[in-house]
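Colleague: Hey, dropping model_1.txt in here, compact mmCIF, C-alpha atoms and all ligand atoms:
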# COMPACT_ATOMS: atom_id res chain seq x y z
CA MET E 1482 0.00 0.00 0.00
CA ILE E 1483 1.40 3.38 -1.03
CA THR E 1484 0.81 6.34 1.23
CA ILE E 1485 0.45 9.55 -0.76
CA LYS E 1486 2.38 12.42 0.79
CA PRO E 1487 1.24 16.03 0.69
CA ASN E 1488 1.73 17.33 -2.86
CA CYS E 1489 0.90 20.12 -5.21
CA SER E 1490 -2.40 18.63 -6.34
CA ASP E 1491 -3.69 18.66 -2.76
CA ILE E 1492 -6.12 21.41 -2.06
CA ALA E 1493 -5.93 21.56 1.74
CA GLU E 1494 -2.34 20.70 2.33
CA PRO E 1495 -1.13 21.63 5.84
CA GLY E 1496 0.96 24.80 5.97
CA LEU E 1497 -0.50 26.17 2.76
CA LEU E 1498 -0.68 29.99 2.86
CA HIS E 1499 -3.61 31.79 1.28
CA PHE E 1500 -2.79 34.22 -1.51
CA GLU E 1501 -3.76 37.26 0.58
CA GLN E 1502 -1.79 36.00 3.60
CA ALA E 1503 1.36 35.58 1.55
CA LYS E 1504 0.96 39.03 0.01
CA ASN E 1505 0.35 40.64 3.39
CA ILE E 1506 3.40 39.00 4.95
CA ILE E 1507 5.55 40.24 2.08
CA LEU E 1508 4.18 43.78 2.14
CA GLY E 1509 4.34 43.90 5.93
CA SER E 1510 7.95 42.88 6.22
CA ILE E 1511 9.79 45.01 3.71
CA PRO E 1512 11.57 48.23 4.62
CA VAL E 1513 11.02 51.49 2.74
CA LEU E 1514 14.12 52.65 0.90
CA GLN E 1515 15.47 55.83 2.51
CA ASP E 1516 18.31 56.72 0.13
CA ILE E 1517 17.75 59.84 -1.91
CA GLN E 1518 19.52 61.41 -4.86
CA GLN E 1519 19.25 64.76 -6.56
CA ILE E 1520 18.71 64.64 -10.33
CA PRO E 1521 17.82 67.01 -13.20
CA ILE E 1522 14.11 67.01 -13.98
CA GLU E 1523 14.82 65.75 -17.52
CA GLN E 1524 15.80 62.43 -15.95
CA ALA E 1525 12.98 62.25 -13.42
CA LYS E 1526 10.13 60.62 -15.35
CA GLY E 1527 9.16 57.34 -13.69
CA ARG E 1528 11.14 58.14 -10.53
CA CYS E 1529 9.65 58.42 -7.05
CA LEU E 1530 9.68 61.97 -5.71
CA ALA E 1531 11.42 62.13 -2.34
CA GLU E 1532 10.45 65.67 -1.32
CA THR E 1533 7.33 67.79 -1.24
CA ILE E 1534 7.49 70.43 -3.96
CA ILE E 1535 6.43 73.89 -2.82
CA SER E 1536 5.97 76.50 -5.51
CA PRO E 1537 8.70 79.16 -5.40
CA ILE E 1538 6.66 81.46 -7.67
CA GLN E 1539 3.08 82.21 -8.62
CA VAL E 1540 1.68 80.90 -11.89
CA PRO E 1541 0.83 82.77 -14.04
CA GLY E 1542 3.50 85.19 -12.93
CA HIS E 1543 1.54 88.19 -14.23
CA THR E 1544 -2.09 88.90 -14.97
CA ASN E 1545 -2.46 88.32 -18.72
CA SER E 1546 -4.87 88.06 -21.59
CA ALA E 1547 -6.49 84.68 -22.30
CA VAL E 1548 -7.26 85.57 -25.93
CA ASP E 1549 -6.13 87.70 -28.85
CA GLY E 1550 -8.22 90.85 -28.61
CA TYR E 1551 -8.53 94.30 -27.05
CA ALA E 1552 -7.93 95.19 -23.40
CA LEU E 1553 -10.01 97.92 -21.85
CA ARG E 1554 -11.46 99.32 -18.63
CA SER E 1555 -14.69 97.59 -17.61
CA CYS E 1556 -16.23 101.05 -16.97
CA ASP E 1557 -15.97 101.59 -20.73
CA LEU E 1558 -18.15 98.55 -21.56
CA ALA E 1559 -21.30 99.42 -23.47
CA ASP E 1560 -24.56 99.91 -21.52
CA LYS E 1561 -27.51 97.68 -22.32
CA ASN E 1562 -28.67 98.05 -25.96
CA ASN E 1563 -25.77 100.40 -26.67
CA GLU E 1564 -22.43 100.22 -28.37
CA THR E 1565 -19.06 101.70 -27.39
CA GLN E 1566 -16.25 102.99 -29.53
CA LEU E 1567 -12.65 103.05 -28.25
CA THR E 1568 -9.41 104.18 -29.88
CA VAL E 1569 -6.70 101.56 -30.21
CA GLN E 1570 -3.72 103.23 -28.55
CA ALA E 1571 -1.03 100.53 -28.72
CA THR E 1572 -0.32 96.85 -29.22
CA ILE E 1573 1.14 94.48 -26.63
CA LEU E 1574 2.58 91.17 -27.83
CA ALA E 1575 3.23 88.20 -25.54
CA GLY E 1576 6.50 88.81 -23.72
CA GLN E 1577 6.23 92.61 -23.97
CA VAL E 1578 5.32 95.03 -21.22
CA GLN E 1579 3.24 98.06 -22.09
CA ALA E 1580 5.27 101.27 -22.02
CA GLU E 1581 2.61 103.90 -21.42
CA THR E 1582 -0.68 104.11 -19.54
CA CYS E 1583 -3.82 103.59 -21.59
CA LYS E 1584 -5.58 106.93 -21.94
CA PRO E 1585 -9.29 107.41 -21.13
CA GLY E 1586 -11.47 106.43 -24.10
CA CYS E 1587 -8.78 104.14 -25.44
CA CYS E 1588 -8.06 100.45 -25.48
CA VAL E 1589 -4.99 98.34 -26.24
CA ARG E 1590 -4.60 95.58 -28.80
CA ILE E 1591 -3.37 92.57 -26.81
CA MET E 1592 -2.22 89.05 -27.70
CA THR E 1593 -2.79 85.81 -25.77
CA GLY E 1594 -0.44 85.61 -22.80
CA ALA E 1595 0.63 89.27 -22.95
CA PRO E 1596 0.67 91.07 -19.57
CA MET E 1597 -2.40 93.16 -18.85
CA PRO E 1598 -1.71 96.85 -18.27
CA ALA E 1599 -2.47 97.51 -14.58
CA GLU E 1600 -5.23 100.03 -15.37
CA LEU E 1601 -7.15 97.61 -17.65
CA ASP E 1602 -9.21 94.67 -16.41
CA THR E 1603 -11.22 93.23 -19.31
CA VAL E 1604 -10.43 91.77 -22.74
CA ILE E 1605 -12.77 91.54 -25.73
CA MET E 1606 -12.01 88.73 -28.16
CA GLN E 1607 -11.01 90.22 -31.52
CA GLU E 1608 -13.80 88.31 -33.29
CA HIS E 1609 -16.32 90.24 -31.16
CA CYS E 1610 -15.02 93.68 -32.23
CA GLN E 1611 -15.65 95.79 -35.27
CA LEU E 1612 -12.32 97.34 -36.26
CA ASN E 1613 -12.57 100.66 -38.11
CA ASN E 1614 -9.29 102.27 -38.96
CA LYS E 1615 -7.71 102.93 -35.51
CA SER E 1616 -10.78 102.26 -33.34
CA ILE E 1617 -13.03 99.38 -32.34
CA ARG E 1618 -16.73 99.17 -31.75
CA ILE E 1619 -18.21 96.65 -29.28
CA ASP E 1620 -21.75 95.89 -28.23
CA ASP E 1621 -23.33 95.20 -24.83
CA ARG E 1622 -22.60 91.44 -24.65
CA HIS E 1623 -19.47 91.64 -22.52
CA LYS E 1624 -18.73 91.19 -18.82
CA PRO E 1625 -16.23 93.00 -16.60
CA GLY E 1626 -13.08 90.92 -16.02
CA GLN E 1627 -13.69 88.53 -18.91
CA ASN E 1628 -10.83 86.81 -20.79
CA VAL E 1629 -8.25 87.74 -18.16
CA ARG E 1630 -6.03 85.21 -16.38
CA GLN E 1631 -5.16 86.50 -12.93
CA ALA E 1632 -1.61 86.25 -11.56
CA GLY E 1633 -1.39 83.20 -9.26
CA GLU E 1634 -4.68 81.80 -10.58
CA ASP E 1635 -3.07 78.37 -11.35
CA ILE E 1636 -0.57 78.09 -8.51
CA GLN E 1637 -0.01 80.42 -5.61
CA LEU E 1638 3.39 81.18 -4.20
CA GLY E 1639 4.09 78.61 -1.43
CA ALA E 1640 1.40 76.16 -2.56
CA THR E 1641 2.14 72.41 -2.44
CA VAL E 1642 2.32 71.26 -6.04
CA LEU E 1643 3.60 67.68 -5.80
CA ASP E 1644 3.53 65.31 -2.86
CA LYS E 1645 6.42 63.22 -1.66
CA GLY E 1646 6.04 59.66 -2.94
CA LYS E 1647 4.58 60.59 -6.31
CA LEU E 1648 5.70 58.50 -9.27
CA LEU E 1649 6.59 61.30 -11.66
CA CYS E 1650 4.71 61.46 -14.97
CA PRO E 1651 5.35 63.75 -17.97
CA ALA E 1652 2.89 66.37 -16.70
CA ASP E 1653 4.77 66.51 -13.38
CA ILE E 1654 8.01 67.18 -15.21
CA GLY E 1655 6.35 69.99 -17.18
CA LEU E 1656 4.87 71.38 -13.98
CA LEU E 1657 8.29 71.45 -12.32
CA ALA E 1658 9.71 73.25 -15.34
CA SER E 1659 6.87 75.79 -15.22
CA LEU E 1660 8.06 76.67 -11.72
CA GLY E 1661 11.68 77.05 -12.84
CA ILE E 1662 12.76 74.01 -10.82
CA THR E 1663 15.74 72.33 -12.46
CA GLU E 1664 16.64 69.56 -10.01
CA ILE E 1665 14.67 67.49 -7.53
CA LYS E 1666 15.22 64.82 -4.92
CA VAL E 1667 14.05 61.31 -5.82
CA LYS E 1668 14.49 57.88 -4.28
CA ARG E 1669 17.65 56.32 -5.61
CA LYS E 1670 17.20 53.48 -8.09
CA LEU E 1671 16.55 50.03 -6.66
CA ARG E 1672 19.33 47.60 -7.47
CA ILE E 1673 17.79 44.29 -8.42
CA ALA E 1674 19.83 41.19 -9.23
CA ILE E 1675 18.12 38.52 -11.31
CA ALA E 1676 19.15 34.94 -11.98
CA SER E 1677 17.78 31.86 -13.67
CA THR E 1678 18.63 28.52 -12.13
CA GLY E 1679 18.67 25.07 -13.67
CA ASN E 1680 21.10 22.72 -15.41
CA GLU E 1681 18.61 22.36 -18.27
CA ILE E 1682 18.43 26.11 -18.93
CA TYR E 1683 20.53 27.56 -21.77
CA SER E 1684 21.35 31.04 -22.93
CA ILE E 1685 19.56 32.27 -26.05
CA ALA E 1686 23.00 33.10 -27.45
CA GLY E 1687 23.65 29.53 -28.62
CA ALA E 1688 22.04 26.23 -29.55
CA VAL E 1689 20.21 24.10 -26.99
CA PRO E 1690 21.35 20.48 -26.58
CA SER E 1691 18.74 17.76 -26.31
CA GLY E 1692 16.98 17.83 -22.96
CA GLY E 1693 17.66 21.52 -22.58
CA LEU E 1694 15.56 24.63 -23.12
CA TYR E 1695 16.09 28.33 -23.63
CA ASP E 1696 16.08 30.63 -20.64
CA SER E 1697 12.92 32.68 -21.03
CA ASN E 1698 12.39 33.63 -17.39
CA ARG E 1699 15.30 36.02 -17.18
CA TYR E 1700 14.05 37.83 -20.28
CA SER E 1701 10.51 38.10 -18.92
CA LEU E 1702 11.97 39.60 -15.75
CA LEU E 1703 14.38 41.89 -17.60
CA ALA E 1704 11.41 43.30 -19.49
CA ALA E 1705 9.14 43.52 -16.45
CA LEU E 1706 11.84 45.33 -14.47
CA ASP E 1707 12.79 47.70 -17.27
CA ARG E 1708 11.77 50.91 -15.52
CA PRO E 1709 13.49 54.21 -14.73
CA ASP E 1710 13.56 53.51 -10.97
CA ILE E 1711 15.38 50.17 -11.25
CA ASP E 1712 18.95 49.16 -12.06
CA ILE E 1713 19.16 45.52 -13.06
CA ILE E 1714 22.13 43.35 -12.30
CA ASN E 1715 21.97 40.34 -14.57
CA LEU E 1716 23.46 37.29 -12.87
CA GLY E 1717 22.77 35.02 -15.85
CA ILE E 1718 22.07 31.33 -15.45
CA ILE E 1719 23.27 29.55 -12.31
CA GLN E 1720 23.68 25.79 -12.32
CA ASP E 1721 21.77 23.57 -9.88
CA GLN E 1722 24.69 23.34 -7.55
CA GLU E 1723 24.43 24.20 -3.91
CA ALA E 1724 27.82 25.82 -3.37
CA GLU E 1725 27.60 27.79 -6.62
CA LEU E 1726 24.11 29.10 -5.86
CA LEU E 1727 25.09 30.05 -2.34
CA SER E 1728 28.20 31.92 -3.36
CA ARG E 1729 26.48 33.77 -6.24
CA PHE E 1730 23.55 34.83 -4.07
CA ASN E 1731 25.80 35.88 -1.19
CA ASP E 1732 27.91 37.87 -3.56
CA ALA E 1733 24.83 39.58 -5.07
CA ALA E 1734 23.57 40.36 -1.56
CA SER E 1735 26.55 42.62 -0.99
CA TYR E 1736 25.39 45.10 -3.64
CA ALA E 1737 21.76 44.39 -4.56
CA ASP E 1738 18.72 45.59 -2.64
CA ILE E 1739 16.71 42.72 -4.02
CA ILE E 1740 17.60 39.34 -5.53
CA ILE E 1741 15.10 37.56 -7.72
CA SER E 1742 15.76 34.01 -8.88
CA THR E 1743 13.57 31.61 -10.78
CA GLY E 1744 13.43 27.83 -10.43
CA GLY E 1745 14.71 25.42 -7.85
CA VAL E 1746 12.33 26.28 -5.03
CA SER E 1747 10.16 23.19 -5.26
CA VAL E 1748 10.78 19.65 -3.99
CA GLY E 1749 12.59 18.11 -6.99
CA GLU E 1750 15.93 16.30 -6.81
CA ALA E 1751 17.69 19.34 -8.22
CA ASP E 1752 15.83 22.06 -6.35
CA PHE E 1753 19.02 23.41 -4.90
CA THR E 1754 17.97 27.01 -4.42
CA LYS E 1755 15.98 25.70 -1.53
CA ALA E 1756 18.83 23.53 -0.24
CA ALA E 1757 21.37 26.32 -0.62
CA LEU E 1758 19.33 28.94 1.14
CA LYS E 1759 17.94 26.81 3.92
CA SER E 1760 21.38 26.83 5.47
CA SER E 1761 21.98 30.55 5.04
CA GLY E 1762 19.91 33.66 5.19
CA ASP E 1763 16.53 34.09 6.60
CA ILE E 1764 14.32 32.58 3.93
CA ASN E 1765 10.85 31.10 4.13
CA PHE E 1766 9.83 28.51 1.61
CA TRP E 1767 6.15 28.84 1.11
CA LYS E 1768 3.53 26.78 -0.49
CA VAL E 1769 0.95 29.35 -1.42
CA ALA E 1770 -2.56 28.24 -2.29
CA ILE E 1771 -2.42 29.76 -5.75
CA LYS E 1772 -2.27 28.39 -9.22
CA PRO E 1773 0.12 28.95 -10.83
CA GLY E 1774 2.91 29.86 -8.43
CA ARG E 1775 2.51 27.52 -5.52
CA PRO E 1776 6.12 27.24 -4.35
CA ILE E 1777 7.77 30.57 -3.69
CA ALA E 1778 10.59 31.61 -1.40
CA PHE E 1779 10.75 34.93 0.36
CA GLY E 1780 13.15 36.34 2.90
CA LYS E 1781 16.54 37.94 3.30
CA ILE E 1782 20.11 37.14 2.37
CA LYS E 1783 22.22 39.52 4.44
CA GLN E 1784 20.51 42.89 3.88
CA SER E 1785 19.00 41.92 0.52
CA ILE E 1786 15.41 40.91 0.04
CA PHE E 1787 15.18 37.57 -1.72
CA PHE E 1788 12.36 36.37 -3.96
CA GLY E 1789 12.70 32.79 -5.15
CA LEU E 1790 10.07 32.53 -7.85
CA PRO E 1791 8.94 29.22 -9.35
CA GLY E 1792 10.63 27.96 -12.50
CA ASN E 1793 7.58 27.66 -14.71
CA PRO E 1794 7.48 30.67 -17.05
CA VAL E 1795 3.83 31.62 -16.45
CA ALA E 1796 4.20 31.21 -12.71
CA VAL E 1797 7.18 33.58 -12.84
CA LEU E 1798 5.14 36.40 -14.34
CA VAL E 1799 2.05 35.75 -12.23
CA THR E 1800 4.05 35.78 -8.98
CA PHE E 1801 6.07 38.75 -10.18
CA TYR E 1802 2.98 40.87 -10.78
CA GLN E 1803 1.08 39.67 -7.73
CA PHE E 1804 3.86 39.66 -5.13
CA VAL E 1805 7.06 41.28 -6.37
CA LEU E 1806 5.69 44.38 -8.13
CA PRO E 1807 3.58 45.50 -5.14
CA ALA E 1808 6.64 44.92 -2.96
CA LEU E 1809 8.82 47.08 -5.21
CA GLU E 1810 6.26 49.91 -5.11
CA GLU E 1811 6.22 49.61 -1.32
CA ILE E 1812 10.01 49.65 -1.01
CA LEU E 1813 10.25 52.72 -3.23
CA GLY E 1814 7.61 54.45 -1.12
CA ILE E 1815 5.37 55.17 -4.11
CA THR E 1816 2.14 56.67 -2.78
CA ASP E 1817 0.19 56.92 -6.05
CA LYS E 1818 0.63 53.36 -7.22
CA PRO E 1819 -0.57 52.68 -10.77
CA ILE E 1820 -3.93 50.95 -10.61
CA ALA E 1821 -4.53 47.62 -12.32
CA PRO E 1822 -8.32 47.85 -12.24
CA MET E 1823 -10.14 44.80 -10.89
CA ILE E 1824 -13.47 44.69 -12.70
CA LYS E 1825 -16.28 42.19 -13.12
CA ALA E 1826 -16.72 40.56 -16.49
CA ARG E 1827 -19.15 37.94 -17.75
CA SER E 1828 -17.45 34.67 -18.51
CA LEU E 1829 -17.95 33.56 -22.10
CA GLU E 1830 -17.14 29.97 -21.15
CA SER E 1831 -17.30 27.57 -18.23
CA ILE E 1832 -14.10 27.37 -16.18
CA ARG E 1833 -13.27 24.42 -13.94
CA LYS E 1834 -12.07 25.40 -10.49
CA LYS E 1835 -11.87 23.74 -7.07
CA PRO E 1836 -12.41 25.80 -3.93
CA GLY E 1837 -9.32 26.00 -1.72
CA ARG E 1838 -6.89 28.00 -3.82
CA THR E 1839 -6.76 31.24 -5.74
CA GLU E 1840 -6.45 30.63 -9.46
CA ILE E 1841 -5.05 33.33 -11.65
CA GLN E 1842 -5.96 32.38 -15.19
CA ARG E 1843 -5.13 34.41 -18.24
CA GLY E 1844 -7.97 35.97 -20.17
CA ILE E 1845 -8.98 38.29 -22.94
CA VAL E 1846 -11.43 40.96 -21.84
CA SER E 1847 -13.61 42.63 -24.43
CA GLN E 1848 -16.84 44.59 -24.44
CA SER E 1849 -20.11 43.26 -25.79
CA GLU E 1850 -22.30 45.29 -28.14
CA THR E 1851 -24.19 46.58 -25.11
CA GLY E 1852 -20.95 47.68 -23.48
CA GLU E 1853 -20.80 44.86 -20.92
CA PHE E 1854 -17.34 43.53 -20.06
CA GLN E 1855 -16.87 39.91 -21.03
CA VAL E 1856 -13.94 37.55 -20.76
CA ARG E 1857 -12.70 34.32 -22.23
CA THR E 1858 -9.62 32.40 -21.23
CA THR E 1859 -6.63 32.24 -23.56
CA GLY E 1860 -7.07 28.49 -23.84
CA LYS E 1861 -4.74 25.99 -22.22
CA GLN E 1862 -3.62 27.33 -18.86
CA GLY E 1863 -0.56 25.19 -18.11
CA SER E 1864 2.03 27.08 -16.08
CA GLY E 1865 4.64 26.48 -18.77
CA ILE E 1866 2.52 27.91 -21.59
CA LEU E 1867 3.87 31.45 -21.96
CA SER E 1868 1.59 32.21 -24.88
CA SER E 1869 -1.34 31.96 -22.44
CA ILE E 1870 -0.15 35.22 -20.90
CA SER E 1871 1.22 36.78 -24.07
CA MET E 1872 -2.24 36.56 -25.69
CA ALA E 1873 -4.01 37.86 -22.58
CA ASN E 1874 -4.94 41.39 -21.55
CA ALA E 1875 -6.11 40.48 -18.05
CA PHE E 1876 -5.80 38.01 -15.20
CA ILE E 1877 -8.99 36.13 -14.40
CA PHE E 1878 -9.04 36.02 -10.59
CA LEU E 1879 -10.85 32.99 -9.28
CA GLN E 1880 -10.95 33.58 -5.53
CA HIS E 1881 -9.94 31.04 -2.89
CA ASN E 1882 -13.42 29.74 -2.09
CA GLN E 1883 -14.77 30.04 -5.60
CA ASP E 1884 -16.17 26.93 -7.24
CA SER E 1885 -16.35 26.26 -10.99
CA ILE E 1886 -17.63 29.04 -13.20
CA LYS E 1887 -20.56 28.53 -15.52
CA LYS E 1888 -20.80 30.26 -18.87
CA GLY E 1889 -22.48 33.62 -18.24
CA ASP E 1890 -21.33 33.92 -14.59
CA TRP E 1891 -19.59 37.09 -13.46
CA VAL E 1892 -15.90 36.73 -12.67
CA GLU E 1893 -13.31 39.14 -11.35
CA VAL E 1894 -10.65 40.20 -13.81
CA GLN E 1895 -7.57 42.32 -13.26
CA LEU E 1896 -6.73 44.37 -16.33
CA PHE E 1897 -3.07 44.42 -17.30
CA SER E 1898 -3.06 48.19 -17.72
CA GLY E 1899 -1.33 49.38 -14.56
CA LEU E 1900 0.69 46.18 -14.39
CA PHE E 1901 2.56 46.31 -17.68
P1 LIG T 1 11.87 24.14 -11.32
O1 LIG T 1 11.03 24.92 -10.40
O2 LIG T 1 13.30 24.55 -11.27
O3 LIG T 1 11.69 22.68 -11.13
O4 LIG T 1 11.37 24.47 -12.78
C1 LIG T 1 10.04 24.20 -13.16
C2 LIG T 1 9.91 24.17 -14.66
O5 LIG T 1 10.21 25.46 -15.19
C3 LIG T 1 10.84 23.20 -15.36
O6 LIG T 1 10.14 22.59 -16.41
C4 LIG T 1 11.94 24.07 -15.88
O7 LIG T 1 12.58 23.52 -16.98
C5 LIG T 1 11.21 25.34 -16.21
N1 LIG T 1 12.12 26.47 -16.10
C6 LIG T 1 12.90 26.74 -15.04
N2 LIG T 1 13.64 27.83 -15.27
C7 LIG T 1 13.33 28.25 -16.50
C8 LIG T 1 13.79 29.36 -17.32
N3 LIG T 1 14.71 30.21 -16.86
N4 LIG T 1 13.23 29.52 -18.52
C9 LIG T 1 12.31 28.65 -18.98
N5 LIG T 1 11.84 27.61 -18.26
C10 LIG T 1 12.35 27.39 -17.04
MG MG T 2 15.04 23.72 -11.75
Please go through the file and, once you have read it, give me the structure as structure tokens.

Modeller:
Amino acid sequence: MITIKPNCSDIAEPGLLHFEQAKNIILGSIPVLQDIQQIPIEQAKGRCLAETIISPIQVPGHTNSAVDGYALRSCDLADKNNETQLTVQATILAGQVQAETCKPGCCVRIMTGAPMPAELDTVIMQEHCQLNNKSIRIDDRHKPGQNVRQAGEDIQLGATVLDKGKLLCPADIGLLASLGITEIKVKRKLRIAIASTGNEIYSIAGAVPSGGLYDSNRYSLLAALDRPDIDIINLGIIQDQEAELLSRFNDAASYADIIISTGGVSVGEADFTKAALKSSGDINFWKVAIKPGRPIAFGKIKQSIFFGLPGNPVAVLVTFYQFVLPALEEILGITDKPIAPMIKARSLESIRKKPGRTEIQRGIVSQSETGEFQVRTTGKQGSGILSSISMANAFIFLQHNQDSIKKGDWVEVQLFSGLF
């Protein structure tokens, strides 16, 4: 009689962590990066702002015209059912300052953005004026103060314009420039070392011998980590060899904030990442009740945070986006994290699922003719089938206690926008 030991097809295996538990432990145990650097704003897109930006000036700096037209005193506006005629005394272009005071009974031709003469308070759009030789006629349709942008109307001197922790977008960079700010403090880049493990894994630079396969995981991770706030240290492929793994990881821990490896964290004969790190560091080897991505390792090697992701290519990306990415955002102290919207969509097919684990399937979300969100899976969902995620635009989230889905049921889907 053969006794079956706990294994990855068990649903209620002892010691299995729920998806949310695992995520909470990770997010709860990582330190926020404190190191700051000062950089020119041209290099700041995609970096995490490490100071609160207070405006050193008011914007606009001067009261100015919002249109091309004629500036005048509001007391000269026409009374009801009447018209007014005013002499055009001068012209002010954007960037110029008017030399002389506007005389009574006169107005000034003014261009968009040009400073308003102090004695004038209203601008009439040129299309609303009748120009006759050197004077204009206007009717009674105008309001005092119209078409004028007041100094400080956008941003007041001393106002908070950007909060610490903001992930800087192009508009933020423009905003900083509009305030004359040339350099800012940001969190320094995270140094992340990545490695693939496995004797069967070969570099894409050469041919693969029989029994081997190309290393795709490191390329998925290189692409997923290709962001302005990260420096990647590529450790290449490490053989399934305890001493080698240990020395390479220990070495990486002396300069990397984070080490991410793939493969070798399960219970196979050659799962040496586990063997190597059990003896050193402070690493937990988890079985998480998720599919794919059940075995993952998380902990510390010296001062570096270590993520040992599964070897299967789909599991790598699923665990990266569900565990590692939120951790990176936390470490960087990003307060306005990009949102990967979780929405409900109607399933266009039945999906088999057992309660007792979170399944993260890959799906294609579309909208029906009536505008309803609908989703179908990308077909075979094996954790080695990378095309299942390459074809997808969303994760189908089948929650821990969820049973099988019938065609037409609502399911939760997490759109990739905000993830990658
Ligand atoms: P492991 O967790 O090391 O047992 O790996 C699980 C599966 O993922 C095996 O079929 C491996 O061959 C495959 N695998 C591991 N690492 C990689 C990699 N870097 N690229 C592609 N497949 C991999
Ligand atoms: Mg392996």

Colleague: Let me see if you get this right: every residue at most 10 Å from ligand MG 2 (chain T), counting all atoms listed in the file, written as a PyMOL selection string.

Modeller: chain E and resi 1677-1682+1720-1721+1743-1754+1791-1793

Colleague: Keeping only C-alpha atoms, take the residues you just selected and write them out as a short mmCIF file (atom, residue, chain, number, x, y, z; two decimals), keeping the file's coordinate frame.

Modeller:
data_model
loop_
_atom_site.label_atom_id
_atom_site.label_comp_id
_atom_site.auth_asym_id
_atom_site.auth_seq_id
_atom_site.Cartn_x
_atom_site.Cartn_y
_atom_site.Cartn_z
CA SER E 1677 17.78 31.86 -13.67
CA THR E 1678 18.63 28.52 -12.13
CA GLY E 1679 18.67 25.07 -13.67
CA ASN E 1680 21.10 22.72 -15.41
CA GLU E 1681 18.61 22.36 -18.27
CA ILE E 1682 18.43 26.11 -18.93
CA GLN E 1720 23.68 25.79 -12.32
CA ASP E 1721 21.77 23.57 -9.88
CA THR E 1743 13.57 31.61 -10.78
CA GLY E 1744 13.43 27.83 -10.43
CA GLY E 1745 14.71 25.42 -7.85
CA VAL E 1746 12.33 26.28 -5.03
CA SER E 1747 10.16 23.19 -5.26
CA VAL E 1748 10.78 19.65 -3.99
CA GLY E 1749 12.59 18.11 -6.99
CA GLU E 1750 15.93 16.30 -6.81
CA ALA E 1751 17.69 19.34 -8.22
CA ASP E 1752 15.83 22.06 -6.35
CA PHE E 1753 19.02 23.41 -4.90
CA THR E 1754 17.97 27.01 -4.42
CA PRO E 1791 8.94 29.22 -9.35
CA GLY E 1792 10.63 27.96 -12.50
CA ASN E 1793 7.58 27.66 -14.71
#

Colleague: Take atom CA of E:Leu1660 and atom CA of E:Gly1542 and report the distance between them in Å, one decimal.

Modeller: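 Separation between atom CA of E:Leu1660 and atom CA of E:Gly1542: 9.7 Å.
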
Colleague: Just how far from atom CA of E:Asp1763 is atom C4 of ligand LIG 1 (chain T), in Å to one decimal?

Modeller: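 Separation between atom C4 of ligand LIG 1 (chain T) and atom CA of E:Asp1763: 25.0 Å.
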
Colleague: Could you give me, as a list of chain:residue names, the residues within 8 Å of E:Gly1717, counting only C-alpha atoms and dropping anything in the same chain fewer than 5 positions from it?

Modeller: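 Within the cut-off, the hits are E:Ile1675, E:Ala1676, E:Ser1677, E:Arg1699.
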
Colleague: Generate the output file for the selected residues, C-alpha atoms, as an mmCIF file, in the frame of the given file.

Modeller:
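Now in out14.cif:
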data_model
loop_
_atom_site.group_PDB
_atom_site.id
_atom_site.type_symbol
_atom_site.label_atom_id
_atom_site.label_comp_id
_atom_site.auth_asym_id
_atom_site.auth_seq_id
_atom_site.Cartn_x
_atom_site.Cartn_y
_atom_site.Cartn_z
ATOM 1 C CA ILE E 1675 18.120 38.520 -11.310
ATOM 2 C CA ALA E 1676 19.150 34.940 -11.980
ATOM 3 C CA SER E 1677 17.780 31.860 -13.670
ATOM 4 C CA ARG E 1699 15.300 36.020 -17.180
#

Colleague: Using Å and a single decimal, report how far atom CA of E:Ser1869 sits from atom CA of E:Ala1688.

Modeller: 25.1 Å

Colleague: Identify, on the basis of only C-alpha atoms, every residue whose closest approach to stretch 1634-1638 of chain E does not exceed 12 Å; exclude the query and any residue fewer than 2 positions from it along the same chain; express the result as number ranges by chain.

Modeller: E: 1534-1545, 1629-1632, 1640-1643, 1656-1657, 1659-1660

Colleague: List the neighbours of stretch 1703-1710 of chain E out to 12 Å using only C-alpha atoms; skip same-chain residues closer than 4 positions along the sequence, and give me the result as a PyMOL selection string.

Modeller: chain E and resi 1514+1517-1518+1523-1530+1648-1650+1667-1677+1696-1699+1714-1717+1739+1741-1742+1797-1802+1805-1806+1809-1810+1812-1815+1900-1901

Colleague: Within 9 Å of (28.0, 41.0, 3.2) in the file's own coordinates, which protein, DNA or RNA residues have an atom, counting all atoms listed in the file? List them as a list in words.

Modeller: Asn1731, Asp1732, Ala1733, Ala1734, Ser1735, Tyr1736, Ile1782, Lys1783 and Gln1784 of chain E

Colleague: Show me, as lines of an AutoDock Vina configuration file, the centre and edge lengths in Å to one decimal of the axis-aligned box that covers every listed atom of stretch 1499-1508 of chain E with 5 Å on each side.

Modeller:
center_x = 0.9
center_y = 37.8
center_z = 1.7
size_x = 19.3
size_y = 22.0
size_z = 16.5
